[in-house]
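Read through the structure below, which is laid out as structure tokens, and then see the notes.
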Amino acid sequence: MTITSLREAMQSLPEYAPEAVVNDHFSPQLLRALGFQPEEIHPQYNTGEGAVDKAARKTIGDDVFLNTKSNPYLLLELKGRDVNLSEGTAQYQTTVKQLKRYLLAPYCQTVQWGIITNSCHIQIFRKHGKVIYPATKCIPIDADNIDSVIASIRQKIENPAKALTVAVYNNKGGVGKTTTTVNLAAILTFLGKKVLAVDFDPNQQDLTSSLGLPLSKGSVFEALTERNVELQTTLYPYKFPLKKLKVELRFDVIPADQKLAEKSENILRNHLKQNTLYRKLEFSRQEYDYILIDAPPNWRLFSQLAVYAADVILIPTKHNNLFSLENAAMAMKKFIPEVQSQKADGSPIPLPIFFNGEKTTPPQLAVAQQEITNIIKTAKKEGFDLLSYFYPRYTNAKRDLHIHEVPSYANIASSAFSRIPAVYRDRSAHEYYKDLAQEYFLQ
Ligand SMILES: Nc1ncnc2c1ncn2[C@@H]1O[C@H](COP(=O)(O)OP(=O)(O)OP(=O)(O)O)[C@@H](O)[C@H]1O
Ligand SMILES: [Mg+2]
């Protein structure tokens, strides 16, 4: 009997199927259920960092992936049932690391999705530029749920959001959240990306005023609370003419709203749900490359909605401010997991911290590293592995303590007065934020 359906394949797998059996008797049906024909699948695809079990891409015209091997779209890393892929196990973590290495490898620039499965669990990750984040939790699968789980994964890979949504957050005040949001929006726009910046700190309104844009007088409130009013109607373009090149740079802004600032949190909670901003940004996910949300320095309503709306969280800190480091850890251990547990897809995830806007000398750096070591040790005792969120390049082979820095620079601070992002006025500021964009987002 030839096995045609995924469900049948699942039922016929031996209880302890090793990788070769999962490869032969599960992965073909899995990839077919995900919408790929045999000639659209390449086994043992050379990523440039080792071979991934399968790569896939739909045929475009007469460009058949199996023949041209060009522009892979999805990677599949298979394990046997002897490998435990329950979320959090050591084998799960090793497998995720392996997948991430492939996703970022030289011949996988065009890849947008990565899947790990051992036929008992499955998880799919999205890749956007350099950023990899979960698009589902690691889901236990069996003959009963396999068809619906795979249908929902197929739905995702056939309709990928164009945008990466980033909330810029730290519970600590004055660490550079707003400055980062403004200048990142400006530099990504300069680099040809389509950007939406959201001022979701209505009490301070710093992002809106630093760009010289008018405040929203209730229209954002209305769009968030009325079912039939779109958030799109509240957009303001920020325009900057590049005279030499005779072009105009433009990114869109959802300004801070006065009505949101005036109402008490208790009242607002009757109108705004945790997922309100997330839902209302739906229109923008196929429109923009990046949606950047500036959040306030607390863990109250607006921050919670901003973090819920995001795929990833960018966390500015200051090397000489212990609280900014401890607050970053608090977000990673408590606030972000709280939101993850409310969302079906396991997002958002923290990006590694960076140091913003203070000069760092070697002795100061040593002090900061000591603090970070303590923070990581404490977290470990509490069951959290924060190492990669502080030291993303640290491996067993190379104890690299690299943390990205945006230097302290007077022209960054003063440019808010001119209502022009520093990156458009100043060559050094331009370079600093280009480095930030490249370190975190661009491949
Ligand atoms: N790289 C930098 N160099 C010099 N000054 C900076 C830099 N980054 C931020 N600043 C300045 O530090 C101050 C605080 O920055 P910012 O308002 O962006 O922080 P924030 O985290 O948004 O604050 P809040 O928590 O109040 O929202 C501002 O005056 C800003 O101009
Ligand atoms: Mg701010």
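By order of appearance in the structure tokens: chains A, B, ..., then residues from 1 within every chain, and ligands from 1 in the order shown.
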Cut-off 10 Å: closest chain A/ligand 1 atom pairs per residue, using only C-alpha atoms and all ligand atoms, as a tab-separated table:
residue	atom	partner	partner_atom_place_in_ligand_line	distance
A:Val168	CA	ligand 1	21 (O)	8.8
A:Tyr169	CA	ligand 1	21 (O)	7.8
A:Asn170	CA	ligand 1	21 (O)	7.1
A:Asn171	CA	ligand 1	25 (O)	7.5
A:Lys172	CA	ligand 1	25 (O)	6.1
A:Gly173	CA	ligand 1	25 (O)	3.1
A:Gly174	CA	ligand 1	23 (O)	3.3
A:Val175	CA	ligand 1	21 (O)	3.9
A:Gly176	CA	ligand 1	18 (O)	3.2
A:Lys177	CA	ligand 1	22 (O)	3.7
A:Thr178	CA	ligand 1	22 (O)	3.7
A:Thr179	CA	ligand 1	18 (O)	3.6
A:Thr180	CA	ligand 1	18 (O)	6.3
A:Thr181	CA	ligand 1	18 (O)	7.9
A:Val182	CA	ligand 1	18 (O)	8.5
A:Asn183	CA	ligand 1	8 (N)	9.7
A:Asp201	CA	ligand 1	27 (O)	7.3
A:Asn203	CA	ligand 1	27 (O)	9.4
A:Gln204	CA	ligand 1	27 (O)	7.0
A:Gln205	CA	ligand 1	27 (O)	8.7
A:Asp206	CA	ligand 1	17 (O)	6.8
A:Leu207	CA	ligand 1	22 (O)	8.2
A:Ser210	CA	ligand 1	17 (O)	9.4
A:Asp294	CA	ligand 1	22 (O)	7.5
A:Ala295	CA	ligand 1	27 (O)	7.2
A:Pro296	CA	ligand 1	27 (O)	5.2
A:Pro297	CA	ligand 1	25 (O)	4.4
A:Asn298	CA	ligand 1	25 (O)	8.2
A:Ile315	CA	ligand 1	21 (O)	9.6
A:Pro316	CA	ligand 1	21 (O)	7.6
A:Thr317	CA	ligand 1	21 (O)	8.6
A:Lys318	CA	ligand 1	8 (N)	9.7
A:Ser324	CA	ligand 1	21 (O)	9.9
A:Phe355	CA	ligand 1	1 (N)	8.9
A:Asn356	CA	ligand 1	1 (N)	5.4
A:Gly357	CA	ligand 1	1 (N)	3.4
A:Glu358	CA	ligand 1	3 (N)	6.9
A:Lys359	CA	ligand 1	3 (N)	9.0
A:Glu405	CA	ligand 1	1 (N)	8.8
A:Val406	CA	ligand 1	1 (N)	5.5
A:Pro407	CA	ligand 1	1 (N)	5.2
A:Ser408	CA	ligand 1	3 (N)	3.6
A:Tyr409	CA	ligand 1	3 (N)	4.0
A:Ala410	CA	ligand 1	4 (C)	5.0
A:Asn411	CA	ligand 1	4 (C)	6.9
A:Ile412	CA	ligand 1	4 (C)	5.0
A:Ala413	CA	ligand 1	31 (O)	3.2
A:Ser414	CA	ligand 1	31 (O)	6.3
A:Ser415	CA	ligand 1	31 (O)	7.6
A:Ala416	CA	ligand 1	31 (O)	6.7
A:Phe417	CA	ligand 1	31 (O)	9.2
A:Ala422	CA	ligand 1	31 (O)	9.7
A:Ala429	CA	ligand 1	1 (N)	8.3
A:Tyr432	CA	ligand 1	1 (N)	8.5
A:Tyr433	CA	ligand 1	1 (N)	9.3
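Reported to one decimal place, the separation of atom CA of A:Arg7 from atom CA of A:Gln98 is 27.6 Å.
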Non-local contacts of A:Ala344 (10 Å; only C-alpha atoms; under 6 positions in same chain excluded) as a list of chain:residue names = A:Ala135, A:Thr136, A:Lys137
Those same residues - N, CA and C atoms - I'd like them written as a tab-separated table (two decimals), in the first residue's frame.
chain	number	residue	atom	x	y	z
A	135	ALA	N	7.15	31.43	14.96
A	135	ALA	CA	5.84	31.73	14.36
A	135	ALA	C	4.77	30.81	14.92
A	136	THR	N	5.22	29.75	15.61
A	136	THR	CA	4.31	28.93	16.44
A	136	THR	C	5.10	28.52	17.67
A	137	LYS	N	4.40	28.06	18.68
A	137	LYS	CA	5.10	27.37	19.77
A	137	LYS	C	5.54	26.02	19.24
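For the atom pair formed by atom CA of A:Ser347 and atom CA of A:Gln93, the distance is 16.6 Å, given to one decimal.
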message = Can you measure atom CA of A:Asp62 to atom CA of A:Glu77 for me? One decimal in Å is fine.
response = 26.9 Å
request  = Could you give me, as a ChimeraX atom specification, the residues within 8 Å of A:Pro134, counting only C-alpha atoms and dropping anything in the same chain fewer than 2 positions from it?
outcome  = /A:123-126,132,136-137,345-347
note = Closest of A:Asn46, A:Ser303, A:Ser152, A:Asn321 to ligand 2, counting only C-alpha atoms and all ligand atoms, is A:Ser303
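Taking only C-alpha atoms, the non-local environment of A:Ala310 within 7 Å (same-chain residues fewer than 3 positions away omitted) comprises Thr165, Val166, Ala167, Ala306, Val307, Ile313 and Pro348 of chain A.
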ask   = Mind checking DSSP for stretch 121-243 of chain A and telling me the alpha helix (DSSP H) residues as a PyMOL selection string?
value = chain A and resi 146-158+177-190+206-210+219-225
For the residues in that selection, give me N, CA and C atoms as a short mmCIF file (atom, residue, chain, number, x, y, z; two decimals), in the first residue's frame.
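The resulting selection_38.cif:
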data_model
loop_
_atom_site.label_atom_id
_atom_site.label_comp_id
_atom_site.auth_asym_id
_atom_site.auth_seq_id
_atom_site.Cartn_x
_atom_site.Cartn_y
_atom_site.Cartn_z
N ILE A 146 -2.59 16.41 13.34
CA ILE A 146 -1.57 16.76 12.35
C ILE A 146 -2.13 17.56 11.17
N ASP A 147 -3.30 17.19 10.67
CA ASP A 147 -3.82 17.88 9.49
C ASP A 147 -4.13 19.35 9.80
N SER A 148 -4.71 19.60 10.96
CA SER A 148 -5.06 21.00 11.26
C SER A 148 -3.81 21.81 11.60
N VAL A 149 -2.84 21.20 12.29
CA VAL A 149 -1.59 21.93 12.61
C VAL A 149 -0.87 22.31 11.32
N ILE A 150 -0.76 21.36 10.41
CA ILE A 150 -0.02 21.63 9.17
C ILE A 150 -0.78 22.64 8.30
N ALA A 151 -2.12 22.54 8.31
CA ALA A 151 -2.91 23.52 7.54
C ALA A 151 -2.64 24.93 8.06
N SER A 152 -2.52 25.09 9.38
CA SER A 152 -2.30 26.45 9.90
C SER A 152 -0.87 26.92 9.61
N ILE A 153 0.08 25.99 9.58
CA ILE A 153 1.46 26.38 9.20
C ILE A 153 1.50 26.77 7.72
N ARG A 154 0.79 25.99 6.90
CA ARG A 154 0.74 26.31 5.46
C ARG A 154 0.14 27.69 5.22
N GLN A 155 -0.89 27.98 5.96
CA GLN A 155 -1.54 29.29 5.88
C GLN A 155 -0.52 30.40 6.13
N LYS A 156 0.36 30.19 7.13
CA LYS A 156 1.39 31.20 7.44
C LYS A 156 2.39 31.34 6.30
N ILE A 157 2.90 30.20 5.80
CA ILE A 157 3.99 30.33 4.82
C ILE A 157 3.48 30.83 3.47
N GLU A 158 2.17 30.67 3.23
CA GLU A 158 1.63 31.19 1.97
C GLU A 158 1.24 32.66 2.07
N LYS A 177 14.98 54.94 24.42
CA LYS A 177 13.95 54.23 23.64
C LYS A 177 13.46 55.09 22.48
N THR A 178 13.07 56.33 22.81
CA THR A 178 12.49 57.19 21.78
C THR A 178 13.53 57.57 20.73
N THR A 179 14.73 57.92 21.21
CA THR A 179 15.81 58.27 20.29
C THR A 179 16.12 57.11 19.35
N THR A 180 16.12 55.90 19.90
CA THR A 180 16.38 54.71 19.07
C THR A 180 15.27 54.53 18.04
N THR A 181 14.02 54.67 18.48
CA THR A 181 12.90 54.45 17.56
C THR A 181 12.96 55.44 16.39
N VAL A 182 13.15 56.72 16.72
CA VAL A 182 13.18 57.76 15.69
C VAL A 182 14.32 57.54 14.70
N ASN A 183 15.51 57.31 15.23
CA ASN A 183 16.67 57.22 14.33
C ASN A 183 16.71 55.90 13.57
N LEU A 184 16.19 54.86 14.17
CA LEU A 184 16.11 53.58 13.45
C LEU A 184 15.09 53.70 12.32
N ALA A 185 13.96 54.33 12.60
CA ALA A 185 12.95 54.55 11.54
C ALA A 185 13.59 55.35 10.41
N ALA A 186 14.34 56.38 10.78
CA ALA A 186 14.93 57.27 9.77
C ALA A 186 16.00 56.55 8.96
N ILE A 187 16.84 55.77 9.61
CA ILE A 187 17.94 55.13 8.85
C ILE A 187 17.40 53.99 7.99
N LEU A 188 16.43 53.24 8.51
CA LEU A 188 15.86 52.15 7.70
C LEU A 188 15.17 52.74 6.46
N THR A 189 14.53 53.90 6.63
CA THR A 189 13.91 54.58 5.49
C THR A 189 14.98 54.98 4.49
N PHE A 190 16.06 55.56 5.01
CA PHE A 190 17.17 55.97 4.14
C PHE A 190 17.71 54.77 3.36
N ASP A 206 7.07 62.07 23.20
CA ASP A 206 8.40 62.54 22.75
C ASP A 206 8.67 62.26 21.28
N LEU A 207 8.23 61.10 20.81
CA LEU A 207 8.53 60.75 19.42
C LEU A 207 7.82 61.74 18.49
N THR A 208 6.55 61.99 18.77
CA THR A 208 5.76 62.91 17.94
C THR A 208 6.38 64.30 17.96
N SER A 209 6.74 64.78 19.16
CA SER A 209 7.25 66.16 19.20
C SER A 209 8.67 66.24 18.66
N SER A 210 9.48 65.19 18.80
CA SER A 210 10.84 65.29 18.25
C SER A 210 10.82 65.31 16.72
N SER A 219 -8.18 60.92 17.66
CA SER A 219 -8.47 60.03 16.52
C SER A 219 -7.81 58.66 16.69
N VAL A 220 -6.62 58.61 17.32
CA VAL A 220 -6.00 57.30 17.57
C VAL A 220 -6.84 56.53 18.59
N PHE A 221 -7.29 57.23 19.61
CA PHE A 221 -8.17 56.61 20.61
C PHE A 221 -9.39 56.00 19.92
N GLU A 222 -9.99 56.81 19.04
CA GLU A 222 -11.19 56.36 18.33
C GLU A 222 -10.89 55.13 17.46
N ALA A 223 -9.76 55.20 16.72
CA ALA A 223 -9.42 54.08 15.84
C ALA A 223 -9.15 52.81 16.65
N LEU A 224 -8.58 52.97 17.85
CA LEU A 224 -8.28 51.78 18.67
C LEU A 224 -9.55 51.19 19.28
N THR A 225 -10.55 52.05 19.51
CA THR A 225 -11.71 51.58 20.27
C THR A 225 -12.94 51.32 19.41
#
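With only C-alpha atoms and all ligand atoms as the atoms that count, the residue of A:Ala256, A:Ile372, A:Leu436, A:Ile353 with the shortest distance to ligand 2 is A:Ala256.
Minimum distance to ligand 2 across A:Glu87, A:Asp24, A:Asp199, A:Glu39 (counting only C-alpha atoms and all ligand atoms) occurs at A:Asp199.
Compared by their closest atoms to A:Ser119, and using only C-alpha atoms, the residues A:Phe65, A:Phe441, A:Phe200, A:Phe26 rank with A:Phe26 nearest.
With only C-alpha atoms and all ligand atoms as the atoms that count, the residue of A:Ile293, A:Lys398, A:Tyr391, A:His319 with the shortest distance to ligand 2 is A:Ile293.
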inquiry  = Can you tell me which residues surround stretch 191-193 of chain A at a distance of at most 12 Å, considering only C-alpha atoms, apart from same-chain residues fewer than 2 positions away, and format the answer as JSON, numbers by chain?
reply    = {"A": [129, 162, 163, 164, 184, 185, 186, 187, 188, 189, 195, 196, 247, 248, 249, 250, 251, 252, 287, 288, 289, 290, 291, 423, 424, 430, 431, 433, 434, 435, 437, 438, 441, 442]}
